[in-house]
$ cat structure06.csv   # CSV, C-alpha atoms and all ligand atoms
chain,number,residue,atom,x,y,z
B,9,MET,CA,46.3,80.7,3.1
B,10,GLU,CA,44.4,77.4,2.6
B,11,GLU,CA,46.5,76.7,-0.5
B,12,ARG,CA,49.7,77.4,1.5
B,13,LEU,CA,48.5,75.1,4.3
B,14,ARG,CA,47.7,72.3,1.9
B,15,PHE,CA,51.2,72.7,0.5
B,16,LEU,CA,52.7,72.5,4.1
B,17,LEU,CA,50.7,69.3,4.7
B,18,ARG,CA,52.7,67.6,1.9
B,19,TYR,CA,55.7,67.8,4.3
B,20,ALA,CA,53.6,66.8,7.4
B,21,ILE,CA,52.7,63.4,5.8
B,22,LEU,CA,56.3,62.5,5.2
B,23,ALA,CA,56.6,61.9,9.0
B,24,PRO,CA,57.5,58.5,10.4
B,25,SER,CA,54.8,56.4,12.0
B,26,SER,CA,54.7,53.0,13.6
B,27,HIS,CA,54.4,50.3,10.8
B,28,ASN,CA,54.0,53.3,8.5
B,29,THR,CA,50.3,53.3,9.4
B,30,GLN,CA,50.1,57.1,8.9
B,31,PRO,CA,47.3,57.3,11.5
B,32,TRP,CA,46.4,60.9,10.8
B,33,LYS,CA,43.6,63.0,9.3
B,34,PHE,CA,43.9,66.8,8.7
B,35,ARG,CA,41.2,69.5,8.3
B,36,ILE,CA,42.0,73.0,7.0
B,37,ARG,CA,39.8,75.8,8.4
B,38,GLY,CA,40.9,79.2,7.1
B,39,SER,CA,44.4,79.7,8.6
B,40,THR,CA,44.1,76.7,11.0
B,41,VAL,CA,45.0,73.0,10.6
B,42,ASP,CA,43.2,70.5,12.9
B,43,LEU,CA,44.9,67.1,13.3
B,44,PHE,CA,42.9,64.0,14.2
B,45,ALA,CA,43.9,60.5,15.0
B,46,ASP,CA,42.7,58.0,12.4
B,47,LYS,CA,41.9,55.1,14.8
B,48,THR,CA,41.0,52.8,12.0
B,49,ARG,CA,44.8,52.6,11.5
B,50,TRP,CA,45.7,52.0,15.2
B,51,LEU,CA,47.8,49.0,16.0
B,52,ARG,CA,45.4,47.4,18.5
B,53,VAL,CA,47.8,44.5,19.4
B,54,ALA,CA,51.3,46.0,19.2
B,55,ASP,CA,50.2,49.4,20.5
B,56,SER,CA,47.4,48.5,22.9
B,57,ASP,CA,47.7,51.8,24.9
B,58,GLN,CA,47.9,54.0,21.8
B,59,ARG,CA,51.3,55.4,22.8
B,60,GLU,CA,52.9,54.9,19.4
B,61,LEU,CA,49.8,56.3,17.7
B,62,HIS,CA,50.2,59.6,19.6
B,63,ILE,CA,54.0,59.6,19.0
B,64,SER,CA,53.3,59.2,15.3
B,65,LEU,CA,50.9,62.1,15.5
B,66,GLY,CA,53.6,64.2,17.2
B,67,CYS,CA,56.0,63.4,14.4
B,68,THR,CA,53.6,64.8,11.8
B,69,VAL,CA,52.9,67.9,13.9
B,70,GLU,CA,56.7,68.5,14.0
B,71,ASN,CA,57.1,68.3,10.2
B,72,LEU,CA,54.2,70.7,9.8
B,73,LEU,CA,55.9,73.2,12.2
B,74,VAL,CA,59.4,72.8,10.6
B,75,ALA,CA,57.9,73.5,7.2
B,76,ALA,CA,55.9,76.5,8.5
B,77,GLU,CA,59.0,78.0,10.0
B,78,HIS,CA,60.9,77.5,6.7
B,79,PHE,CA,58.2,79.4,4.8
B,80,GLN,CA,58.1,82.1,7.5
B,81,LEU,CA,54.6,81.4,9.0
B,82,SER,CA,54.1,82.0,12.7
B,83,HIS,CA,52.3,79.2,14.4
B,84,GLN,CA,50.6,78.4,17.6
B,85,VAL,CA,50.0,74.8,18.6
B,86,ASP,CA,47.2,73.6,21.0
B,87,LEU,CA,47.3,70.0,21.9
B,88,LEU,CA,44.1,68.1,22.7
B,89,SER,CA,42.3,71.4,23.1
B,90,GLN,CA,39.0,70.5,21.4
B,91,GLN,CA,36.1,68.3,22.4
B,92,GLU,CA,35.8,66.7,18.9
B,93,GLN,CA,36.3,63.0,18.8
B,94,ASP,CA,39.9,61.9,18.1
B,95,HIS,CA,41.1,65.6,18.0
B,96,CYS,CA,44.9,65.7,18.6
B,97,ALA,CA,46.1,69.2,17.8
B,98,THR,CA,45.1,72.5,16.3
B,99,VAL,CA,47.8,74.6,14.7
B,100,SER,CA,46.9,78.3,13.9
B,101,PHE,CA,49.1,80.1,11.4
B,102,THR,CA,49.7,83.8,10.6
B,103,SER,CA,52.0,85.3,8.0
B,104,ASP,CA,51.8,89.0,9.0
B,105,SER,CA,53.5,88.8,12.4
B,106,GLU,CA,57.2,88.1,13.3
B,107,PRO,CA,57.7,84.4,12.3
B,108,THR,CA,58.0,82.1,15.3
B,109,GLY,CA,61.1,80.1,14.8
B,110,SER,CA,63.1,78.2,17.3
B,111,ARG,CA,64.0,75.3,15.0
B,112,PRO,CA,67.3,75.0,13.2
B,113,ALA,CA,67.0,75.7,9.5
B,114,VAL,CA,68.7,72.5,8.6
B,115,LEU,CA,65.7,70.4,9.7
B,116,PHE,CA,63.6,71.5,6.7
B,117,ASP,CA,65.8,70.0,4.0
B,118,ALA,CA,66.0,66.8,6.0
B,119,ILE,CA,62.2,66.2,5.8
B,120,THR,CA,62.5,64.8,2.3
B,121,GLU,CA,65.9,63.0,3.1
B,122,ARG,CA,65.0,61.3,6.3
B,123,SER,CA,64.1,57.6,6.5
B,124,THR,CA,64.3,54.8,9.0
B,125,SER,CA,67.4,52.7,8.8
B,126,HIS,CA,67.1,48.9,8.8
B,127,SER,CA,70.8,48.0,8.4
B,128,ALA,CA,73.5,47.2,10.9
B,129,PHE,CA,75.6,50.3,11.7
B,130,GLU,CA,79.2,50.9,11.0
B,131,ASP,CA,81.8,50.7,13.7
B,132,ARG,CA,82.1,54.5,13.9
B,133,ALA,CA,81.4,56.8,16.9
B,134,VAL,CA,78.9,59.6,16.8
B,135,GLU,CA,80.6,63.0,17.5
B,136,PRO,CA,79.7,64.3,21.0
B,137,GLU,CA,79.0,67.7,19.4
B,138,VAL,CA,76.3,66.2,17.3
B,139,LEU,CA,74.7,64.6,20.4
B,140,ARG,CA,74.8,68.0,22.1
B,141,GLN,CA,73.1,69.6,19.2
B,142,MET,CA,70.4,67.0,19.5
B,143,GLU,CA,70.0,67.5,23.2
B,144,ASP,CA,69.5,71.2,22.6
B,145,LEU,CA,66.4,70.2,20.4
B,146,CYS,CA,64.6,68.8,23.4
B,147,LEU,CA,63.1,72.0,24.9
B,148,GLU,CA,60.0,70.5,26.4
B,149,PRO,CA,60.4,70.7,30.2
B,150,GLU,CA,58.4,67.5,30.9
B,151,LEU,CA,60.7,65.4,28.6
B,152,GLN,CA,64.2,64.2,28.7
B,153,LEU,CA,66.3,63.0,25.8
B,154,LEU,CA,68.9,60.4,26.8
B,155,PHE,CA,71.8,58.9,25.0
B,156,THR,CA,74.1,56.1,26.0
B,157,ASP,CA,77.2,54.4,24.5
B,158,ASP,CA,77.7,52.2,27.5
B,159,HIS,CA,78.3,48.6,26.5
B,160,THR,CA,76.8,47.1,29.7
B,161,THR,CA,73.6,49.1,29.3
B,162,LYS,CA,73.4,48.0,25.6
B,163,ARG,CA,73.7,44.4,26.7
B,164,HIS,CA,70.8,44.8,29.2
B,165,VAL,CA,68.7,46.5,26.5
B,166,ASP,CA,69.6,43.7,24.1
B,167,GLU,CA,68.3,41.1,26.6
B,168,LEU,CA,65.0,42.9,26.8
B,169,VAL,CA,64.7,43.2,23.0
B,170,VAL,CA,65.3,39.4,22.7
B,171,ARG,CA,62.6,38.7,25.3
B,172,ALA,CA,60.2,41.1,23.7
B,173,ASP,CA,60.7,39.6,20.2
B,174,ALA,CA,60.1,36.1,21.7
B,175,LEU,CA,56.9,37.1,23.4
B,176,GLN,CA,55.5,39.1,20.5
B,177,PHE,CA,56.1,36.5,17.8
B,178,ALA,CA,54.7,33.8,20.0
B,179,ASP,CA,51.4,35.7,19.9
B,180,PRO,CA,49.3,34.8,16.7
B,181,GLU,CA,47.4,38.1,17.0
B,182,TYR,CA,50.6,40.1,17.0
B,183,ARG,CA,51.8,38.2,13.9
B,184,GLU,CA,48.4,38.6,12.2
B,185,GLU,CA,48.5,42.4,12.7
B,186,LEU,CA,52.1,42.8,11.6
B,187,GLY,CA,51.3,40.5,8.6
B,188,TYR,CA,48.2,42.6,7.7
B,189,TRP,CA,50.3,45.8,7.5
B,190,LEU,CA,53.2,44.1,5.6
B,191,GLY,CA,50.5,42.8,3.1
B,192,GLN,CA,49.5,46.5,2.6
B,193,GLY,CA,52.9,47.2,1.2
B,194,VAL,CA,53.6,49.8,3.9
B,195,PHE,CA,57.4,49.1,3.8
B,196,GLY,CA,57.7,49.7,0.1
B,197,GLN,CA,58.1,46.1,-1.1
B,198,SER,CA,56.5,44.9,-4.4
B,199,TRP,CA,52.9,43.6,-4.2
B,200,LEU,CA,54.2,39.9,-4.4
B,201,MET,CA,56.9,40.3,-1.7
B,202,SER,CA,54.3,42.1,0.5
B,203,LYS,CA,51.9,39.2,0.2
B,204,ILE,CA,54.7,36.6,0.8
B,205,GLY,CA,55.8,38.6,3.8
B,206,GLN,CA,52.3,38.7,5.1
B,207,LEU,CA,51.9,34.9,4.8
B,208,ALA,CA,55.3,34.1,6.3
B,209,VAL,CA,54.8,36.4,9.3
B,210,THR,CA,51.2,35.4,10.0
B,211,TYR,CA,51.8,31.6,9.9
B,212,VAL,CA,55.4,31.0,11.0
B,213,ASN,CA,56.8,32.0,14.4
B,214,MET,CA,60.1,33.5,13.3
B,215,SER,CA,60.9,34.8,16.8
B,216,LYS,CA,64.4,33.3,16.9
B,217,LYS,CA,65.5,34.8,13.6
B,218,VAL,CA,63.9,38.2,14.4
B,219,ALA,CA,65.6,38.3,17.8
B,220,ARG,CA,68.9,37.4,16.3
B,221,ASP,CA,68.6,40.1,13.6
B,222,ASP,CA,67.4,42.7,16.1
B,223,SER,CA,70.2,41.9,18.5
B,224,LYS,CA,72.7,42.4,15.7
B,225,LEU,CA,71.2,45.8,14.8
B,226,LEU,CA,71.1,47.0,18.4
B,227,MET,CA,74.6,45.9,19.3
B,228,SER,CA,76.0,47.5,16.2
B,229,ALA,CA,74.7,50.9,17.3
B,230,PRO,CA,77.3,53.3,18.8
B,231,ILE,CA,74.4,55.1,20.5
B,232,LEU,CA,71.1,54.1,22.0
B,233,GLY,CA,68.6,56.9,22.6
B,234,ALA,CA,65.4,57.3,24.6
B,235,ILE,CA,62.9,60.0,25.2
B,236,ALA,CA,61.4,59.8,28.6
B,237,SER,CA,58.6,61.8,30.3
B,238,LYS,CA,57.5,62.7,33.8
B,239,GLN,CA,53.9,61.8,33.1
B,240,ASP,CA,52.6,58.9,31.0
B,241,ASP,CA,49.9,60.9,29.3
B,242,ARG,CA,48.8,61.8,25.8
B,243,VAL,CA,50.4,65.3,25.7
B,244,SER,CA,53.8,63.8,26.7
B,245,GLN,CA,53.4,61.2,24.0
B,246,ILE,CA,52.6,63.7,21.3
B,247,ARG,CA,55.5,65.9,22.5
B,248,SER,CA,57.8,62.9,22.5
B,249,GLY,CA,56.9,62.3,18.8
B,250,MET,CA,57.7,66.0,18.1
B,251,VAL,CA,61.1,65.7,19.8
B,252,TYR,CA,61.9,62.4,18.1
B,253,GLU,CA,61.1,63.8,14.7
B,254,ARG,CA,63.4,66.8,15.4
B,255,VAL,CA,66.2,64.4,16.4
B,256,ALA,CA,65.6,62.2,13.3
B,257,LEU,CA,65.7,65.2,11.0
B,258,MET,CA,68.9,66.5,12.7
B,259,ALA,CA,70.4,63.0,12.3
B,260,ALA,CA,69.5,63.0,8.6
B,261,SER,CA,71.1,66.4,8.2
B,262,HIS,CA,74.4,65.0,9.6
B,263,GLY,CA,74.2,61.8,7.4
B,264,LEU,CA,73.4,59.7,10.5
B,265,ALA,CA,71.1,56.7,10.4
B,266,ILE,CA,68.3,56.2,13.0
B,267,GLN,CA,65.8,53.5,13.8
B,268,PRO,CA,63.2,53.4,16.5
B,269,MET,CA,63.1,50.0,18.3
B,270,SER,CA,59.7,49.8,20.1
B,271,GLN,CA,59.3,46.1,21.0
B,272,ILE,CA,60.3,46.6,24.6
B,273,LEU,CA,57.9,49.5,25.1
B,274,GLU,CA,55.1,47.5,23.6
B,275,LEU,CA,55.1,45.1,26.6
B,276,ALA,CA,54.2,46.8,29.9
B,277,GLU,CA,56.4,44.5,32.1
B,278,LEU,CA,59.5,45.0,29.9
B,279,ARG,CA,58.8,48.7,29.6
B,280,SER,CA,59.1,48.9,33.5
B,281,GLU,CA,62.3,46.9,33.4
B,282,LEU,CA,63.7,49.4,30.8
B,283,ALA,CA,62.6,52.3,33.0
B,284,GLU,CA,64.8,50.9,35.8
B,285,LEU,CA,67.8,50.9,33.5
B,286,MET,CA,67.5,54.6,32.8
B,287,PRO,CA,69.4,57.2,34.8
B,288,VAL,CA,66.3,59.3,35.5
B,289,PRO,CA,64.2,57.9,38.3
B,290,ASP,CA,60.5,58.5,38.1
B,291,MET,CA,60.4,59.0,34.4
B,292,VAL,CA,58.8,56.7,31.9
B,293,PRO,CA,60.4,55.7,28.5
B,294,GLN,CA,58.1,56.8,25.6
B,295,HIS,CA,60.3,56.1,22.6
B,296,THR,CA,63.6,54.3,22.1
B,297,PHE,CA,65.9,54.3,19.1
B,298,ARG,CA,69.4,53.5,17.8
B,299,LEU,CA,71.7,56.0,16.2
B,300,GLY,CA,74.8,55.6,14.1
B,301,PHE,CA,76.2,55.4,10.6
B,302,ALA,CA,74.9,53.1,7.8
B,303,GLU,CA,74.5,52.9,4.1
B,304,PRO,CA,71.4,54.9,3.1
B,305,GLU,CA,68.2,52.9,2.6
B,306,SER,CA,67.7,51.9,-1.0
B,307,ALA,CA,64.3,53.5,-1.2
B,308,GLN,CA,61.9,55.6,0.8
B,309,SER,CA,58.7,54.1,2.2
B,310,PRO,CA,55.4,55.0,0.4
B,311,ARG,CA,52.9,57.5,1.7
B,312,ARG,CA,49.1,57.8,1.3
B,313,PRO,CA,48.3,60.8,-1.0
B,314,LEU,CA,47.3,64.0,0.7
B,315,SER,CA,43.8,63.7,-0.7
B,316,GLU,CA,43.3,60.6,1.3
B,317,VAL,CA,44.2,62.2,4.6
B,318,LEU,CA,42.4,65.5,4.2
B,319,ILE,CA,38.9,65.8,5.7
B,401,LIG,C1,56.2,55.5,17.3
B,401,LIG,C2,57.0,54.8,16.2
B,401,LIG,C3,57.5,53.5,16.5
B,401,LIG,C4,58.3,52.9,15.6
B,401,LIG,N1,58.8,51.6,15.9
B,401,LIG,C5,59.6,51.0,15.0
B,401,LIG,C6,60.2,49.8,15.3
B,401,LIG,O1,60.0,49.2,16.4
B,401,LIG,N2,61.1,49.2,14.4
B,401,LIG,C7,61.3,49.8,13.2
B,401,LIG,O2,62.1,49.2,12.4
B,401,LIG,N3,60.8,51.0,12.9
B,401,LIG,C8,59.9,51.6,13.8
B,401,LIG,N4,59.4,52.8,13.4
B,401,LIG,C9,59.7,53.4,12.1
B,401,LIG,C10,58.5,53.1,11.2
B,401,LIG,O3,58.5,51.8,10.8
B,401,LIG,C11,58.8,54.0,9.9
B,401,LIG,O4,58.7,55.4,10.4
B,401,LIG,C12,57.8,53.8,8.8
B,401,LIG,O5,57.9,52.5,8.3
B,401,LIG,C13,57.9,54.9,7.7
B,401,LIG,O6,59.2,54.8,7.2
B,401,LIG,P1,60.3,56.0,7.2
B,401,LIG,O7,60.5,56.4,8.6
B,401,LIG,O8,61.5,55.4,6.5
B,401,LIG,O9,59.6,57.1,6.4
B,401,LIG,C14,58.6,53.5,14.4
B,401,LIG,C15,58.1,54.8,14.1
B,401,LIG,C16,57.4,55.4,15.0
B,401,LIG,C17,56.9,56.9,14.7
$ encode --input "structure06.csv" --output "structure tokens"
Amino acid sequence: MEERLRFLLRYAILAPSSHNTQPWKFRIRGSTVDLFADKTRWLRVADSDQRELHISLGCTVENLLVAAEHFQLSHQVDLLSQQEQDHCATVSFTSDSEPTGSRPAVLFDAITERSTSHSAFEDRAVEPEVLRQMEDLCLEPELQLLFTDDHTTKRHVDELVVRADALQFADPEYREELGYWLGQGVFGQSWLMSKIGQLAVTYVNMSKKVARDDSKLLMSAPILGAIASKQDDRVSQIRSGMVYERVALMAASHGLAIQPMSQILELAELRSELAELMPVPDMVPQHTFRLGFAEPESAQSPRRPLSEVLI
């Protein structure tokens, strides 16, 4: 079983994470996998409340479960159930009972296909039937998956994105943190381009260009999506990550492009303004993204080897 779980973790680590920080550590104990947050990789400035850290952890849990179902392993997930420091989830597996499987089979093949899009989207609508299939993936009662194609709403969200970019890029600590991760080559650029990117981001306030580019990306999207929760707690954040990854895998299986856009949520005041735009009063936005059609990314982003994330 340990060998099988090690194999499944190769799928878990392909999950998306903010700035590709991959803030996870795994421990295999017999037929159980424990997942811990690796807080040395937490984005202290951009993600001061650790919301994105926990969403990223949810994404890796989801990949693990999709892979387990594909290989017919039953699983039981317990979130934040142990006292150990930075414990996030424990997943127990069995192969001798009826496999637990509520996830569509197409999600598995998409694990190795999925990537985050960084291009402007084509002027092409997303089929309502595909959005319905995605809505059916959000089974968590405390969460709501929302989509909009409304132009006025998009304009309002765009205004928030432009303000968020201006505020973040005016902050030298934000730029230094982003520069550090760029310099690590997390987005797959060559060593030289990573270092040039790090210097440029750290020392030059490019807020106007970033805002212009982000605005173009956002307004090109036929669909904006959000995952909102009733409570703003850790379990809701981990589950939001699980739902996002399900949606991202489903998107990949339909040849759709997807990109989280987190800058609004990283600033408390703008996050509240976004909450007011949503049609669900008393719910908080946890994760926002754009969805549409685009050329595939030229390359996939790199991952740390499994040996580095296994305790
Ligand atoms: C919680 C979270 C927030 C993210 N926010 C952004 C974002 O604001 N902008 C962006 O371009 N990508 C964002 N991403 C995508 C990551 O940058 C991406 O997953 C990572 O670089 C790995 O690349 P991949 O998704 O192509 O495998 C986010 C991902 C997660 C899980």
$ residues_around --input "structure06.csv" --residues "region 149-163 of chain B" --least-positions-apart "5" --cutoff "7 Å" --atoms "all atoms listed in the file" --output "list in words"
Glu143, Met227, Pro230, Ile231, Leu232, Gly233, Ala234, Ile235, Ala236, Ser237 and Lys238 of chain B
$ write_last_selection --input "structure06.csv" --atoms "C-alpha atoms" --output "PDB file, in the coordinates of the input"
ATOM      1  CA  GLU B 143      70.000  67.500  23.200  1.00  0.00           C
ATOM      2  CA  MET B 227      74.600  45.900  19.300  1.00  0.00           C
ATOM      3  CA  PRO B 230      77.300  53.300  18.800  1.00  0.00           C
ATOM      4  CA  ILE B 231      74.400  55.100  20.500  1.00  0.00           C
ATOM      5  CA  LEU B 232      71.100  54.100  22.000  1.00  0.00           C
ATOM      6  CA  GLY B 233      68.600  56.900  22.600  1.00  0.00           C
ATOM      7  CA  ALA B 234      65.400  57.300  24.600  1.00  0.00           C
ATOM      8  CA  ILE B 235      62.900  60.000  25.200  1.00  0.00           C
ATOM      9  CA  ALA B 236      61.400  59.800  28.600  1.00  0.00           C
ATOM     10  CA  SER B 237      58.600  61.800  30.300  1.00  0.00           C
ATOM     11  CA  LYS B 238      57.500  62.700  33.800  1.00  0.00           C
TER      12      LYS B 238
END
$ residues_near_ligand --input "structure06.csv" --ligand "ligand LIG 401 (chain B)" --cutoff "7 Å" --atoms "only C-alpha atoms and all ligand atoms" --output "VMD selection string"
chain B and resid 22 to 28 60 to 61 63 to 64 67 122 to 126 194 to 195 249 267 to 271 295 308 to 309
$ write_last_selection --input "structure06.csv" --atoms "C-alpha atoms" --output "PDB file, in the coordinates of the input"
ATOM      1  CA  LEU B  22      56.300  62.500   5.200  1.00  0.00           C
ATOM      2  CA  ALA B  23      56.600  61.900   9.000  1.00  0.00           C
ATOM      3  CA  PRO B  24      57.500  58.500  10.400  1.00  0.00           C
ATOM      4  CA  SER B  25      54.800  56.400  12.000  1.00  0.00           C
ATOM      5  CA  SER B  26      54.700  53.000  13.600  1.00  0.00           C
ATOM      6  CA  HIS B  27      54.400  50.300  10.800  1.00  0.00           C
ATOM      7  CA  ASN B  28      54.000  53.300   8.500  1.00  0.00           C
ATOM      8  CA  GLU B  60      52.900  54.900  19.400  1.00  0.00           C
ATOM      9  CA  LEU B  61      49.800  56.300  17.700  1.00  0.00           C
ATOM     10  CA  ILE B  63      54.000  59.600  19.000  1.00  0.00           C
ATOM     11  CA  SER B  64      53.300  59.200  15.300  1.00  0.00           C
ATOM     12  CA  CYS B  67      56.000  63.400  14.400  1.00  0.00           C
ATOM     13  CA  ARG B 122      65.000  61.300   6.300  1.00  0.00           C
ATOM     14  CA  SER B 123      64.100  57.600   6.500  1.00  0.00           C
ATOM     15  CA  THR B 124      64.300  54.800   9.000  1.00  0.00           C
ATOM     16  CA  SER B 125      67.400  52.700   8.800  1.00  0.00           C
ATOM     17  CA  HIS B 126      67.100  48.900   8.800  1.00  0.00           C
ATOM     18  CA  VAL B 194      53.600  49.800   3.900  1.00  0.00           C
ATOM     19  CA  PHE B 195      57.400  49.100   3.800  1.00  0.00           C
ATOM     20  CA  GLY B 249      56.900  62.300  18.800  1.00  0.00           C
ATOM     21  CA  GLN B 267      65.800  53.500  13.800  1.00  0.00           C
ATOM     22  CA  PRO B 268      63.200  53.400  16.500  1.00  0.00           C
ATOM     23  CA  MET B 269      63.100  50.000  18.300  1.00  0.00           C
ATOM     24  CA  SER B 270      59.700  49.800  20.100  1.00  0.00           C
ATOM     25  CA  GLN B 271      59.300  46.100  21.000  1.00  0.00           C
ATOM     26  CA  HIS B 295      60.300  56.100  22.600  1.00  0.00           C
ATOM     27  CA  GLN B 308      61.900  55.600   0.800  1.00  0.00           C
ATOM     28  CA  SER B 309      58.700  54.100   2.200  1.00  0.00           C
TER      29      SER B 309
END
$ closest_residue --input "structure06.csv" --among "B:Glu121, B:Asp290, B:Asp42, B:Glu70" --to "Tyr252 (chain B)" --atoms "only C-alpha atoms"
B:Glu70
$ closest_residue --input "structure06.csv" --among "B:Val292, B:Leu275, B:Leu282, B:Leu264" --to "Ser56 (chain B)" --atoms "all atoms listed in the file"
B:Leu275
$ residues_around --input "structure06.csv" --residues "Arg140 (chain B)" --least-positions-apart "4" --cutoff "12 Å" --atoms "only C-alpha atoms" --output "ChimeraX atom specification"
/B:134-136,144-146,153-155,255,258-259
$ closest_residue --input "structure06.csv" --among "B:Leu147, B:Ala265, B:Cys96, B:Ala133" --to "Arg298 (chain B)" --atoms "only C-alpha atoms"
B:Ala265
$ residues_around --input "structure06.csv" --residues "Phe15 (chain B)" --least-positions-apart "3" --cutoff "12 Å" --atoms "only C-alpha atoms" --output "CSV table (one decimal) with C-alpha atoms, in the frame of the given file"
chain,number,residue,atom,x,y,z
B,9,MET,CA,46.3,80.7,3.1
B,10,GLU,CA,44.4,77.4,2.6
B,11,GLU,CA,46.5,76.7,-0.5
B,12,ARG,CA,49.7,77.4,1.5
B,18,ARG,CA,52.7,67.6,1.9
B,19,TYR,CA,55.7,67.8,4.3
B,20,ALA,CA,53.6,66.8,7.4
B,21,ILE,CA,52.7,63.4,5.8
B,36,ILE,CA,42.0,73.0,7.0
B,41,VAL,CA,45.0,73.0,10.6
B,72,LEU,CA,54.2,70.7,9.8
B,75,ALA,CA,57.9,73.5,7.2
B,76,ALA,CA,55.9,76.5,8.5
B,79,PHE,CA,58.2,79.4,4.8
B,314,LEU,CA,47.3,64.0,0.7
B,315,SER,CA,43.8,63.7,-0.7
B,318,LEU,CA,42.4,65.5,4.2
$ atom_distance --input "structure06.csv" --atom1 "CA of Gln90 (chain B)" --atom2 "CA of Phe34 (chain B)"
14.1 Å
$ residues_near_point --input "structure06.csv" --point "(61.4, 43.8, 23.1)" --cutoff "6 Å" --atoms "only C-alpha atoms" --output "number ranges by chain"
B: 168-173, 271-272
$ residues_around --input "structure06.csv" --residues "Ser248 (chain B)" --least-positions-apart "2" --cutoff "7 Å" --atoms "only C-alpha atoms" --output "list of chain:residue names"
B:Ile63, B:Gly66, B:Ile235, B:Ser244, B:Gln245, B:Ile246, B:Met250, B:Val251, B:Tyr252, B:Gln294
